[in-house]
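Chemist: Next comes start_14.pdb, PDB, C-alpha atoms, pLDDT in the B column:
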MODEL        1
ATOM      1  CA  MET R   1      -0.695 -17.111 -19.392  1.00 36.00           C
ATOM      2  CA  ARG R   2       0.460 -13.609 -18.478  1.00 36.00           C
ATOM      3  CA  TYR R   3       1.219 -11.137 -21.239  1.00 38.00           C
ATOM      4  CA  LEU R   4       3.383  -8.900 -19.060  1.00 40.00           C
ATOM      5  CA  ARG R   5       5.178  -9.964 -15.889  1.00 41.00           C
ATOM      6  CA  LEU R   6       6.749  -7.607 -13.408  1.00 36.00           C
ATOM      7  CA  GLY R   7      10.256  -8.377 -12.221  1.00 39.00           C
ATOM      8  CA  PRO R   8      11.073  -9.279  -8.598  1.00 40.00           C
ATOM      9  CA  THR R   9      10.396  -6.499  -6.101  1.00 39.00           C
ATOM     10  CA  SER R  10      13.058  -5.617  -3.536  1.00 39.00           C
ATOM     11  CA  ARG R  11      11.866  -6.405  -0.029  1.00 38.00           C
ATOM     12  CA  THR R  12      12.774  -5.297   3.453  1.00 39.00           C
ATOM     13  CA  PRO R  13      13.599  -7.799   6.259  1.00 40.00           C
ATOM     14  CA  ASN R  14       9.921  -7.906   7.326  1.00 43.00           C
ATOM     15  CA  ASN R  15       9.105  -9.088   3.784  1.00 42.00           C
ATOM     16  CA  LYS R  16       7.247  -5.899   2.837  1.00 44.00           C
ATOM     17  CA  PRO R  17       8.087  -4.190  -0.474  1.00 44.00           C
ATOM     18  CA  LYS R  18      10.071  -0.964  -0.230  1.00 48.00           C
ATOM     19  CA  ASN R  19       7.872   2.062  -0.855  1.00 48.00           C
ATOM     20  CA  LYS R  20      10.043   3.391  -3.689  1.00 44.00           C
ATOM     21  CA  ASP R  21       9.990  -0.020  -5.390  1.00 47.00           C
ATOM     22  CA  VAL R  22       6.206  -0.229  -5.050  1.00 41.00           C
ATOM     23  CA  ARG R  23       5.825   3.212  -6.602  1.00 44.00           C
ATOM     24  CA  ARG R  24       8.212   2.279  -9.420  1.00 45.00           C
ATOM     25  CA  SER R  25       6.412  -1.031 -10.053  1.00 44.00           C
ATOM     26  CA  VAL R  26       3.002   0.669 -10.100  1.00 40.00           C
ATOM     27  CA  LEU R  27       4.270   3.338 -12.501  1.00 45.00           C
ATOM     28  CA  THR R  28       5.888   0.741 -14.768  1.00 45.00           C
ATOM     29  CA  THR R  29       2.736  -1.380 -14.747  1.00 41.00           C
ATOM     30  CA  THR R  30       0.508   1.603 -15.510  1.00 44.00           C
ATOM     31  CA  VAL R  31       2.651   2.786 -18.412  1.00 47.00           C
ATOM     32  CA  CYS R  32       3.064  -0.686 -19.940  1.00 48.00           C
ATOM     33  CA  ILE R  33      -0.615  -1.609 -19.602  1.00 44.00           C
ATOM     34  CA  GLY R  34      -1.546   1.733 -21.135  1.00 49.00           C
ATOM     35  CA  PHE R  35       0.665   1.033 -24.138  1.00 48.00           C
ATOM     36  CA  LEU R  36      -0.617  -2.506 -24.544  1.00 47.00           C
ATOM     37  CA  PHE R  37      -4.304  -1.579 -24.320  1.00 44.00           C
ATOM     38  CA  SER R  38      -3.685   1.202 -26.831  1.00 47.00           C
ATOM     39  CA  PHE R  39      -2.027  -1.241 -29.251  1.00 48.00           C
ATOM     40  CA  VAL R  40      -4.701  -3.890 -28.894  1.00 44.00           C
ATOM     41  CA  ALA R  41      -7.498  -1.356 -29.304  1.00 43.00           C
ATOM     42  CA  ASN R  42      -5.944  -0.194 -32.554  1.00 45.00           C
ATOM     43  CA  GLY R  43      -5.128  -3.699 -33.771  1.00 46.00           C
ATOM     44  CA  GLN R  44      -1.407  -2.995 -33.418  1.00 60.00           C
ATOM     45  CA  ALA R  45      -0.168  -5.396 -30.739  1.00 80.00           C
ATOM     46  CA  HIS R  46       3.623  -5.594 -31.008  1.00 91.00           C
ATOM     47  CA  ILE R  47       6.085  -8.294 -30.061  1.00 96.00           C
ATOM     48  CA  ILE R  48       7.986  -7.441 -26.877  1.00 97.00           C
ATOM     49  CA  ILE R  49      10.573  -8.668 -24.390  1.00 97.00           C
ATOM     50  CA  GLU R  50       8.675  -9.643 -21.230  1.00 96.00           C
ATOM     51  CA  ASP R  51       9.119  -6.955 -18.533  1.00 94.00           C
ATOM     52  CA  MET R  52      11.024  -4.848 -21.098  1.00 96.00           C
ATOM     53  CA  GLU R  53      14.037  -4.852 -18.792  1.00 96.00           C
ATOM     54  CA  GLY R  54      17.097  -6.891 -17.764  1.00 97.00           C
ATOM     55  CA  GLN R  55      19.516  -6.844 -14.830  1.00 96.00           C
ATOM     56  CA  ALA R  56      22.750  -5.080 -15.845  1.00 96.00           C
ATOM     57  CA  GLY R  57      25.778  -7.382 -15.533  1.00 93.00           C
ATOM     58  CA  TYR R  58      23.637 -10.484 -14.907  1.00 93.00           C
ATOM     59  CA  ASN R  59      23.305 -13.707 -16.812  1.00 94.00           C
ATOM     60  CA  ASP R  60      19.572 -13.115 -17.246  1.00 96.00           C
ATOM     61  CA  MET R  61      16.696 -15.146 -18.655  1.00 96.00           C
ATOM     62  CA  LEU R  62      14.571 -13.141 -21.083  1.00 97.00           C
ATOM     63  CA  THR R  63      11.397 -14.019 -22.965  1.00 97.00           C
ATOM     64  CA  LEU R  64      10.387 -12.822 -26.412  1.00 98.00           C
ATOM     65  CA  ILE R  65       6.597 -12.638 -26.677  1.00 97.00           C
ATOM     66  CA  ILE R  66       4.868 -13.153 -30.042  1.00 96.00           C
ATOM     67  CA  PRO R  67       1.189 -12.194 -29.490  1.00 95.00           C
ATOM     68  CA  HIS R  68      -0.113 -12.726 -33.042  1.00 95.00           C
ATOM     69  CA  GLY R  69       0.703 -13.898 -36.552  1.00 96.00           C
ATOM     70  CA  CYS R  70       0.958 -11.923 -39.805  1.00 96.00           C
ATOM     71  CA  GLY R  71      -2.688 -10.979 -39.997  1.00 93.00           C
ATOM     72  CA  LEU R  72      -4.468 -14.332 -39.957  1.00 95.00           C
ATOM     73  CA  SER R  73      -1.382 -16.245 -41.104  1.00 97.00           C
ATOM     74  CA  PRO R  74       0.385 -18.424 -38.479  1.00 98.00           C
ATOM     75  CA  THR R  75       4.013 -17.821 -37.464  1.00 98.00           C
ATOM     76  CA  THR R  76       6.448 -20.444 -38.783  1.00 98.00           C
ATOM     77  CA  GLU R  77       9.836 -18.906 -37.981  1.00 98.00           C
ATOM     78  CA  VAL R  78      11.274 -16.293 -35.601  1.00 97.00           C
ATOM     79  CA  ARG R  79      14.722 -14.784 -36.243  1.00 98.00           C
ATOM     80  CA  MET R  80      16.054 -12.617 -33.424  1.00 98.00           C
ATOM     81  CA  LYS R  81      19.243 -10.537 -33.737  1.00 97.00           C
ATOM     82  CA  ILE R  82      21.497 -10.453 -30.660  1.00 97.00           C
ATOM     83  CA  PRO R  83      22.597  -6.855 -29.962  1.00 95.00           C
ATOM     84  CA  ASP R  84      26.221  -5.819 -29.502  1.00 92.00           C
ATOM     85  CA  GLY R  85      27.601  -5.991 -25.978  1.00 90.00           C
ATOM     86  CA  ILE R  86      26.079  -9.357 -25.061  1.00 91.00           C
ATOM     87  CA  LYS R  87      28.759 -11.926 -24.240  1.00 85.00           C
ATOM     88  CA  PHE R  88      26.651 -15.017 -24.861  1.00 91.00           C
ATOM     89  CA  ALA R  89      23.125 -16.056 -25.751  1.00 94.00           C
ATOM     90  CA  VAL R  90      21.657 -19.508 -25.153  1.00 95.00           C
ATOM     91  CA  PRO R  91      18.138 -20.292 -26.442  1.00 95.00           C
ATOM     92  CA  TYR R  92      15.623 -22.462 -24.635  1.00 92.00           C
ATOM     93  CA  LYS R  93      14.334 -25.297 -26.795  1.00 84.00           C
ATOM     94  CA  GLY R  94      10.690 -25.991 -26.171  1.00 78.00           C
ATOM     95  CA  ASP R  95       7.166 -26.262 -27.539  1.00 80.00           C
ATOM     96  CA  GLY R  96       8.231 -28.267 -30.597  1.00 92.00           C
ATOM     97  CA  TRP R  97      10.465 -25.592 -32.152  1.00 95.00           C
ATOM     98  CA  GLU R  98      13.820 -26.339 -33.744  1.00 96.00           C
ATOM     99  CA  VAL R  99      16.480 -23.913 -32.530  1.00 96.00           C
ATOM    100  CA  GLU R 100      19.560 -22.634 -34.342  1.00 96.00           C
ATOM    101  CA  THR R 101      22.170 -20.106 -33.220  1.00 95.00           C
ATOM    102  CA  THR R 102      24.484 -18.358 -35.664  1.00 95.00           C
ATOM    103  CA  LYS R 103      27.804 -16.776 -34.616  1.00 93.00           C
ATOM    104  CA  ARG R 104      29.818 -13.678 -35.483  1.00 91.00           C
ATOM    105  CA  LYS R 105      33.395 -12.603 -34.762  1.00 88.00           C
ATOM    106  CA  VAL R 106      33.975  -9.661 -32.424  1.00 80.00           C
ATOM    107  CA  ASP R 107      36.416  -6.892 -33.316  1.00 79.00           C
ATOM    108  CA  LYS R 108      38.143  -7.115 -29.947  1.00 77.00           C
ATOM    109  CA  PRO R 109      38.007 -10.266 -27.751  1.00 72.00           C
ATOM    110  CA  VAL R 110      36.387  -9.747 -24.351  1.00 70.00           C
ATOM    111  CA  ALA R 111      37.145 -11.492 -21.069  1.00 66.00           C
ATOM    112  CA  GLY R 112      35.096 -14.552 -20.184  1.00 64.00           C
ATOM    113  CA  GLU R 113      35.159 -17.092 -17.348  1.00 63.00           C
ATOM    114  CA  GLY R 114      36.824 -19.673 -19.619  1.00 65.00           C
ATOM    115  CA  GLY R 115      39.182 -17.180 -21.289  1.00 68.00           C
ATOM    116  CA  PRO R 116      38.920 -14.516 -24.003  1.00 74.00           C
ATOM    117  CA  ILE R 117      35.733 -14.552 -26.071  1.00 75.00           C
ATOM    118  CA  SER R 118      36.344 -13.900 -29.783  1.00 78.00           C
ATOM    119  CA  GLU R 119      33.038 -15.201 -31.156  1.00 86.00           C
ATOM    120  CA  VAL R 120      29.521 -14.404 -29.927  1.00 87.00           C
ATOM    121  CA  ALA R 121      25.957 -15.292 -30.851  1.00 90.00           C
ATOM    122  CA  ASP R 122      24.635 -13.294 -33.805  1.00 95.00           C
ATOM    123  CA  GLU R 123      21.099 -14.651 -34.253  1.00 97.00           C
ATOM    124  CA  ILE R 124      18.746 -17.084 -32.570  1.00 97.00           C
ATOM    125  CA  ILE R 125      16.332 -18.798 -34.960  1.00 97.00           C
ATOM    126  CA  TRP R 126      13.234 -20.735 -33.920  1.00 97.00           C
ATOM    127  CA  LYS R 127      11.739 -22.737 -36.814  1.00 96.00           C
ATOM    128  CA  GLY R 128      10.070 -25.997 -37.816  1.00 96.00           C
ATOM    129  CA  ASN R 129       6.767 -25.342 -36.066  1.00 96.00           C
ATOM    130  CA  SER R 130       3.590 -23.314 -36.482  1.00 97.00           C
ATOM    131  CA  LEU R 131       2.065 -20.823 -34.054  1.00 97.00           C
ATOM    132  CA  PRO R 132      -1.618 -20.022 -34.831  1.00 97.00           C
ATOM    133  CA  SER R 133      -2.327 -16.337 -35.321  1.00 95.00           C
ATOM    134  CA  ASP R 134      -4.768 -16.270 -32.391  1.00 94.00           C
ATOM    135  CA  GLN R 135      -2.299 -17.791 -29.911  1.00 95.00           C
ATOM    136  CA  MET R 136       0.646 -16.292 -28.046  1.00 95.00           C
ATOM    137  CA  GLY R 137       4.152 -17.747 -28.271  1.00 96.00           C
ATOM    138  CA  LEU R 138       6.898 -17.455 -25.639  1.00 96.00           C
ATOM    139  CA  PHE R 139      10.509 -17.788 -26.816  1.00 97.00           C
ATOM    140  CA  ARG R 140      12.965 -17.898 -23.928  1.00 97.00           C
ATOM    141  CA  PHE R 141      16.723 -17.371 -23.945  1.00 97.00           C
ATOM    142  CA  MET R 142      19.557 -16.622 -21.508  1.00 96.00           C
ATOM    143  CA  VAL R 143      22.003 -13.798 -22.185  1.00 96.00           C
ATOM    144  CA  GLY R 144      25.113 -12.351 -20.550  1.00 93.00           C
ATOM    145  CA  LEU R 145      24.084  -8.710 -20.229  1.00 95.00           C
ATOM    146  CA  PRO R 146      26.626  -5.848 -20.176  1.00 94.00           C
ATOM    147  CA  ASN R 147      27.059  -3.957 -16.899  1.00 94.00           C
ATOM    148  CA  THR R 148      25.745  -0.667 -18.278  1.00 96.00           C
ATOM    149  CA  PRO R 149      22.622   0.426 -16.367  1.00 96.00           C
ATOM    150  CA  GLY R 150      20.385   2.698 -18.405  1.00 96.00           C
ATOM    151  CA  LYS R 151      21.406   1.239 -21.745  1.00 97.00           C
ATOM    152  CA  VAL R 152      18.630  -0.015 -24.007  1.00 98.00           C
ATOM    153  CA  LEU R 153      19.237  -3.228 -25.956  1.00 98.00           C
ATOM    154  CA  TYR R 154      17.137  -3.792 -29.070  1.00 98.00           C
ATOM    155  CA  PHE R 155      16.516  -7.368 -30.212  1.00 98.00           C
ATOM    156  CA  LYS R 156      15.590  -6.835 -33.864  1.00 98.00           C
ATOM    157  CA  THR R 157      13.276  -9.656 -34.907  1.00 98.00           C
ATOM    158  CA  ILE R 158      11.904 -11.005 -38.174  1.00 98.00           C
ATOM    159  CA  GLN R 159       8.644 -12.898 -37.796  1.00 98.00           C
ATOM    160  CA  LYS R 160       8.034 -15.206 -40.757  1.00 98.00           C
ATOM    161  CA  CYS R 161       4.578 -16.597 -41.433  1.00 98.00           C
ATOM    162  CA  GLU R 162       2.972 -18.984 -43.917  1.00 97.00           C
ATOM    163  CA  ASP R 163       1.883 -15.901 -45.814  1.00 97.00           C
ATOM    164  CA  GLY R 164       4.235 -12.925 -45.495  1.00 96.00           C
ATOM    165  CA  GLU R 165       6.465 -11.663 -42.703  1.00 96.00           C
ATOM    166  CA  GLU R 166       6.774  -8.837 -40.170  1.00 96.00           C
ATOM    167  CA  ARG R 167      10.118  -7.046 -39.597  1.00 97.00           C
ATOM    168  CA  TRP R 168      10.278  -5.684 -36.050  1.00 98.00           C
ATOM    169  CA  VAL R 169      13.496  -3.705 -36.505  1.00 98.00           C
ATOM    170  CA  ASP R 170      12.802  -0.028 -35.700  1.00 97.00           C
ATOM    171  CA  THR R 171      14.913   1.469 -32.872  1.00 97.00           C
ATOM    172  CA  HIS R 172      15.466   4.837 -31.182  1.00 96.00           C
ATOM    173  CA  ASP R 173      18.971   6.258 -30.715  1.00 94.00           C
ATOM    174  CA  ASN R 174      18.314   8.165 -27.460  1.00 95.00           C
ATOM    175  CA  ASP R 175      18.229   5.719 -24.531  1.00 95.00           C
ATOM    176  CA  GLU R 176      16.756   8.352 -22.207  1.00 94.00           C
ATOM    177  CA  GLU R 177      13.715   8.589 -24.491  1.00 96.00           C
ATOM    178  CA  TYR R 178      13.545   4.944 -25.537  1.00 95.00           C
ATOM    179  CA  TRP R 179       9.749   5.107 -25.279  1.00 95.00           C
ATOM    180  CA  ARG R 180       9.763   6.984 -28.586  1.00 96.00           C
ATOM    181  CA  VAL R 181      10.420   3.673 -30.310  1.00 96.00           C
ATOM    182  CA  TRP R 182       6.669   3.075 -29.866  1.00 95.00           C
ATOM    183  CA  LEU R 183       6.062   5.885 -32.348  1.00 95.00           C
ATOM    184  CA  HIS R 184       7.366   3.607 -35.107  1.00 94.00           C
ATOM    185  CA  LYS R 185       5.118   1.162 -36.910  1.00 93.00           C
ATOM    186  CA  THR R 186       7.343  -1.879 -36.300  1.00 96.00           C
ATOM    187  CA  PRO R 187       9.361  -1.254 -33.089  1.00 97.00           C
ATOM    188  CA  ALA R 188      12.043  -3.775 -32.202  1.00 98.00           C
ATOM    189  CA  PRO R 189      11.530  -5.565 -28.881  1.00 98.00           C
ATOM    190  CA  PHE R 190      13.871  -4.138 -26.262  1.00 98.00           C
ATOM    191  CA  ALA R 191      15.192  -4.497 -22.717  1.00 98.00           C
ATOM    192  CA  VAL R 192      16.233  -1.557 -20.556  1.00 98.00           C
ATOM    193  CA  LEU R 193      19.207  -2.489 -18.346  1.00 97.00           C
ATOM    194  CA  VAL R 194      18.506  -1.699 -14.697  1.00 97.00           C
ATOM    195  CA  GLU R 195      20.856  -1.526 -11.698  1.00 95.00           C
ATOM    196  CA  PRO R 196      20.580  -4.763  -9.672  1.00 94.00           C
ATOM    197  CA  ASP R 197      20.020  -4.571  -5.920  1.00 90.00           C
ATOM    198  CA  LYS R 198      22.969  -6.912  -5.344  1.00 90.00           C
ATOM    199  CA  PRO R 199      25.534  -8.994  -7.285  1.00 84.00           C
ATOM    200  CA  GLN R 200      23.989 -12.009  -8.980  1.00 79.00           C
ATOM    201  CA  LEU R 201      26.050 -14.469  -6.910  1.00 80.00           C
ATOM    202  CA  GLY R 202      25.486 -12.567  -3.676  1.00 82.00           C
ATOM    203  CA  VAL R 203      29.014 -11.079  -3.660  1.00 76.00           C
ATOM    204  CA  ASP R 204      31.294  -9.457  -6.225  1.00 74.00           C
ATOM    205  CA  MET R 205      33.749 -11.624  -8.183  1.00 71.00           C
ATOM    206  CA  GLN R 206      36.809 -10.230  -6.340  1.00 80.00           C
ATOM    207  CA  THR R 207      35.388 -11.325  -2.979  1.00 82.00           C
ATOM    208  CA  LEU R 208      34.446 -14.718  -4.396  1.00 80.00           C
ATOM    209  CA  GLN R 209      37.901 -15.283  -5.904  1.00 81.00           C
ATOM    210  CA  LYS R 210      39.556 -14.295  -2.622  1.00 83.00           C
ATOM    211  CA  ALA R 211      37.371 -16.761  -0.703  1.00 83.00           C
ATOM    212  CA  ARG R 212      38.193 -19.504  -3.216  1.00 83.00           C
ATOM    213  CA  SER R 213      41.930 -18.848  -2.809  1.00 86.00           C
ATOM    214  CA  GLU R 214      41.657 -18.907   0.983  1.00 80.00           C
ATOM    215  CA  MET R 215      39.733 -22.179   0.879  1.00 88.00           C
ATOM    216  CA  ALA R 216      42.269 -23.731  -1.511  1.00 86.00           C
ATOM    217  CA  ALA R 217      45.152 -22.699   0.779  1.00 86.00           C
ATOM    218  CA  THR R 218      43.634 -24.638   3.691  1.00 85.00           C
ATOM    219  CA  GLN R 219      43.169 -27.879   1.743  1.00 80.00           C
TER     220      GLN R 219
ENDMDL
END
If you took the structure in this file and wrote it as structure tokens, what would it be?
Modeler:
Amino acid sequence: MRYLRLGPTSRTPNNKPKNKDVRRSVLTTTVCIGFLFSFVANGQAHIIIEDMEGQAGYNDMLTLIIPHGCGLSPTTEVRMKIPDGIKFAVPYKGDGWEVETTKRKVDKPVAGEGGPISEVADEIIWKGNSLPSDQMGLFRFMVGLPNTPGKVLYFKTIQKCEDGEERWVDTHDNDEEYWRVWLHKTPAPFAVLVEPDKPQLGVDMQTLQKARSEMAATQ
């Protein structure tokens, strides 16, 4: 099982990675591995979002990684707060966990494919199972990410164990220096929104809607 996975690399028509993407991937890998080895060496492995990034404007699948329990105590519940700006959040139910999603009202409804959205996910809760302290847990969920490249989304998480709990809720208010969150004792897992190489559906929504209208007119 991989602790950290790199996202897809952009490729040229001859199926070779672009040089700038290779350099960026190598730099990202080096920095992340350096952090992780430092944490493990000091007995301070933190929970993270796999890749620590998401595609801005995409409906993206993210994974929360729980690498340990509360000391030697196994994890029995994970409560993850959904940050503002996310239109929807749908948890993946697996590995024997019960899943619950709580909702909250938004101050101003936002546009959605089925109409205005006035209520969004507030928390995802995985419970009813036990994750041994020496095993790693993967908690997957799909989210509708805002189209704001460069923004950092913090998924504040409470990890409850048979004996005690860990509150991974520390954040940093400067997105350009988000790495400073690692200076805190209990940093919240986060995802940096990156600019996608292309629209998720292959074309923008205006082009897709136009094509749908043209197809409907011929039927």
Chemist: Quick one: which residues end up in the PyMOL selection byres ((chain R and resi 164-181) around 8) for this structure, as a PyMOL selection string?
Modeler: chain R and resi 47+70+73+150-152+154-163+182-189
Chemist: Have a look at CA of Ile65 (chain R) and CA of Met136 (chain R) and let me know their distance in Å, one decimal.
Modeler: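 Separation of CA of Ile65 (chain R) and CA of Met136 (chain R): 7.1 Å.
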Chemist: Between R:Ile48, R:Leu62, R:Ile82, R:Leu145, which one has atoms that come closest to Val194 (chain R), using all atoms listed in the file?
Modeler: R:Leu145
Chemist: One decimal, in Å: what's the spacing between CA of Leu131 (chain R) and CA of Gly71 (chain R)?
Modeler: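 Pair CA of Leu131 (chain R) / CA of Gly71 (chain R) returns 12.4 Å.
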Chemist: Quick one: residues within 12 Å of Asn59 (chain R), only C-alpha atoms, excluding same-chain residues fewer than 5 positions away - as a VMD selection string?
Modeler: chain R and resid 54 86 to 90 141 to 147 196 199 to 201
Chemist: Could you give me the centre and size, in Å to one decimal, of an axis-aligned box around all listed atoms of region 188-191 of chain R with 3 Å added on every side, as JSON?
Modeler:
{"center_x": 13.4, "center_y": -4.7, "center_z": -27.5, "size_x": 9.7, "size_y": 7.8, "size_z": 15.5}
Chemist: Run the PyMOL selection byres ((chain R and resi 95) around 12) on the file and write out the hits as a list in words.
Modeler: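 Residues picked by the PyMOL selection byres ((chain R and resi 95) around 12): Tyr92, Lys93, Gly94, Gly96, Trp97, Glu98, Val99, Trp126, Lys127, Gly128, Asn129, Ser130, Leu131, Met136, Gly137, Leu138, Phe139 and Arg140 of chain R.
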Chemist: Please, what distance in Å, to one decimal, runs between CA of Ala191 (chain R) and CA of His46 (chain R)?
Modeler: 14.3 Å
Chemist: Please determine, counting only C-alpha atoms, which residue among R:Pro116, R:Ser133, R:Phe190, R:Thr101 has the shortest atom-to-atom distance to Leu153 (chain R).
Modeler: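 Under the stated criterion, the closest residue is R:Phe190.
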Chemist: Considering only C-alpha atoms, state which residue in the set R:Arg104, R:Lys198, R:His68, R:Arg212 is at the smallest distance from Pro132 (chain R).
Modeler: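 Among the listed residues, R:His68 lies closest to Pro132 (chain R).
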Chemist: Given the PyMOL selection byres ((chain R and resi 102) around 8) and the file above, list the residues it selects as a PyMOL selection string.
Modeler: chain R and resi 100-101+103-104+121-124
Chemist: Between R:Ala216, R:Met80, R:Ala56, R:Val203, which has the minimum distance to Ile125 (chain R) (counting all atoms listed in the file)?
Modeler: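 That would be R:Met80, the residue with the smallest distance to Ile125 (chain R).
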Chemist: Output region 76-137 of chain R from the block with C-alpha atoms, as an mmCIF file, in the first residue's frame?
Modeler:
data_model
loop_
_atom_site.group_PDB
_atom_site.id
_atom_site.type_symbol
_atom_site.label_atom_id
_atom_site.label_comp_id
_atom_site.auth_asym_id
_atom_site.auth_seq_id
_atom_site.Cartn_x
_atom_site.Cartn_y
_atom_site.Cartn_z
ATOM 1 C CA THR R 76 -12.559 3.846 16.298
ATOM 2 C CA GLU R 77 -13.985 6.981 14.676
ATOM 3 C CA VAL R 78 -12.873 9.635 12.170
ATOM 4 C CA ARG R 79 -14.747 12.952 11.909
ATOM 5 C CA MET R 80 -13.704 15.136 8.983
ATOM 6 C CA LYS R 81 -14.953 18.717 8.521
ATOM 7 C CA ILE R 82 -15.785 19.752 4.945
ATOM 8 C CA PRO R 83 -14.277 23.191 4.211
ATOM 9 C CA ASP R 84 -16.273 26.105 2.815
ATOM 10 C CA GLY R 85 -16.479 26.367 -0.959
ATOM 11 C CA ILE R 86 -17.099 22.672 -1.635
ATOM 12 C CA LYS R 87 -20.443 22.107 -3.354
ATOM 13 C CA PHE R 88 -20.865 18.469 -2.374
ATOM 14 C CA ALA R 89 -19.061 15.661 -0.595
ATOM 15 C CA VAL R 90 -19.858 11.968 -0.986
ATOM 16 C CA PRO R 91 -18.012 9.416 1.191
ATOM 17 C CA TYR R 92 -16.929 5.985 0.027
ATOM 18 C CA LYS R 93 -18.227 3.216 2.265
ATOM 19 C CA GLY R 94 -15.723 0.436 2.653
ATOM 20 C CA ASP R 95 -13.587 -1.700 4.941
ATOM 21 C CA GLY R 96 -16.407 -2.311 7.428
ATOM 22 C CA TRP R 97 -16.908 1.327 8.465
ATOM 23 C CA GLU R 98 -20.314 2.900 8.986
ATOM 24 C CA VAL R 99 -20.548 6.265 7.237
ATOM 25 C CA GLU R 100 -22.593 9.319 8.185
ATOM 26 C CA THR R 101 -22.753 12.746 6.544
ATOM 27 C CA THR R 102 -24.106 15.797 8.346
ATOM 28 C CA LYS R 103 -25.390 18.897 6.511
ATOM 29 C CA ARG R 104 -25.288 22.661 6.981
ATOM 30 C CA LYS R 105 -27.155 25.548 5.351
ATOM 31 C CA VAL R 106 -25.210 27.962 3.151
ATOM 32 C CA ASP R 107 -25.634 31.720 3.501
ATOM 33 C CA LYS R 108 -26.175 32.164 -0.226
ATOM 34 C CA PRO R 109 -27.373 29.310 -2.503
ATOM 35 C CA VAL R 110 -24.932 28.365 -5.261
ATOM 36 C CA ALA R 111 -25.675 27.033 -8.735
ATOM 37 C CA GLY R 112 -25.722 23.275 -9.209
ATOM 38 C CA GLU R 113 -26.534 20.950 -12.113
ATOM 39 C CA GLY R 114 -29.941 20.142 -10.589
ATOM 40 C CA GLY R 115 -30.675 23.722 -9.489
ATOM 41 C CA PRO R 116 -29.607 26.014 -6.637
ATOM 42 C CA ILE R 117 -27.772 24.347 -3.759
ATOM 43 C CA SER R 118 -28.832 25.666 -0.336
ATOM 44 C CA GLU R 119 -27.479 22.837 1.826
ATOM 45 C CA VAL R 120 -24.018 21.251 1.701
ATOM 46 C CA ALA R 121 -22.102 18.546 3.534
ATOM 47 C CA ASP R 122 -20.694 19.709 6.870
ATOM 48 C CA GLU R 123 -18.955 16.590 8.208
ATOM 49 C CA ILE R 124 -18.185 13.059 7.099
ATOM 50 C CA ILE R 125 -18.024 10.547 9.952
ATOM 51 C CA TRP R 126 -16.565 7.049 9.704
ATOM 52 C CA LYS R 127 -17.404 4.909 12.759
ATOM 53 C CA GLY R 128 -18.361 1.439 13.968
ATOM 54 C CA ASN R 129 -15.007 -0.195 13.274
ATOM 55 C CA SER R 130 -11.504 -0.403 14.711
ATOM 56 C CA LEU R 131 -8.215 0.397 12.990
ATOM 57 C CA PRO R 132 -5.159 -1.048 14.832
ATOM 58 C CA SER R 133 -2.549 1.534 15.753
ATOM 59 C CA ASP R 134 0.116 -0.200 13.646
ATOM 60 C CA GLN R 135 -1.998 -0.249 10.471
ATOM 61 C CA MET R 136 -2.830 2.467 7.954
ATOM 62 C CA GLY R 137 -6.409 3.403 7.076
#
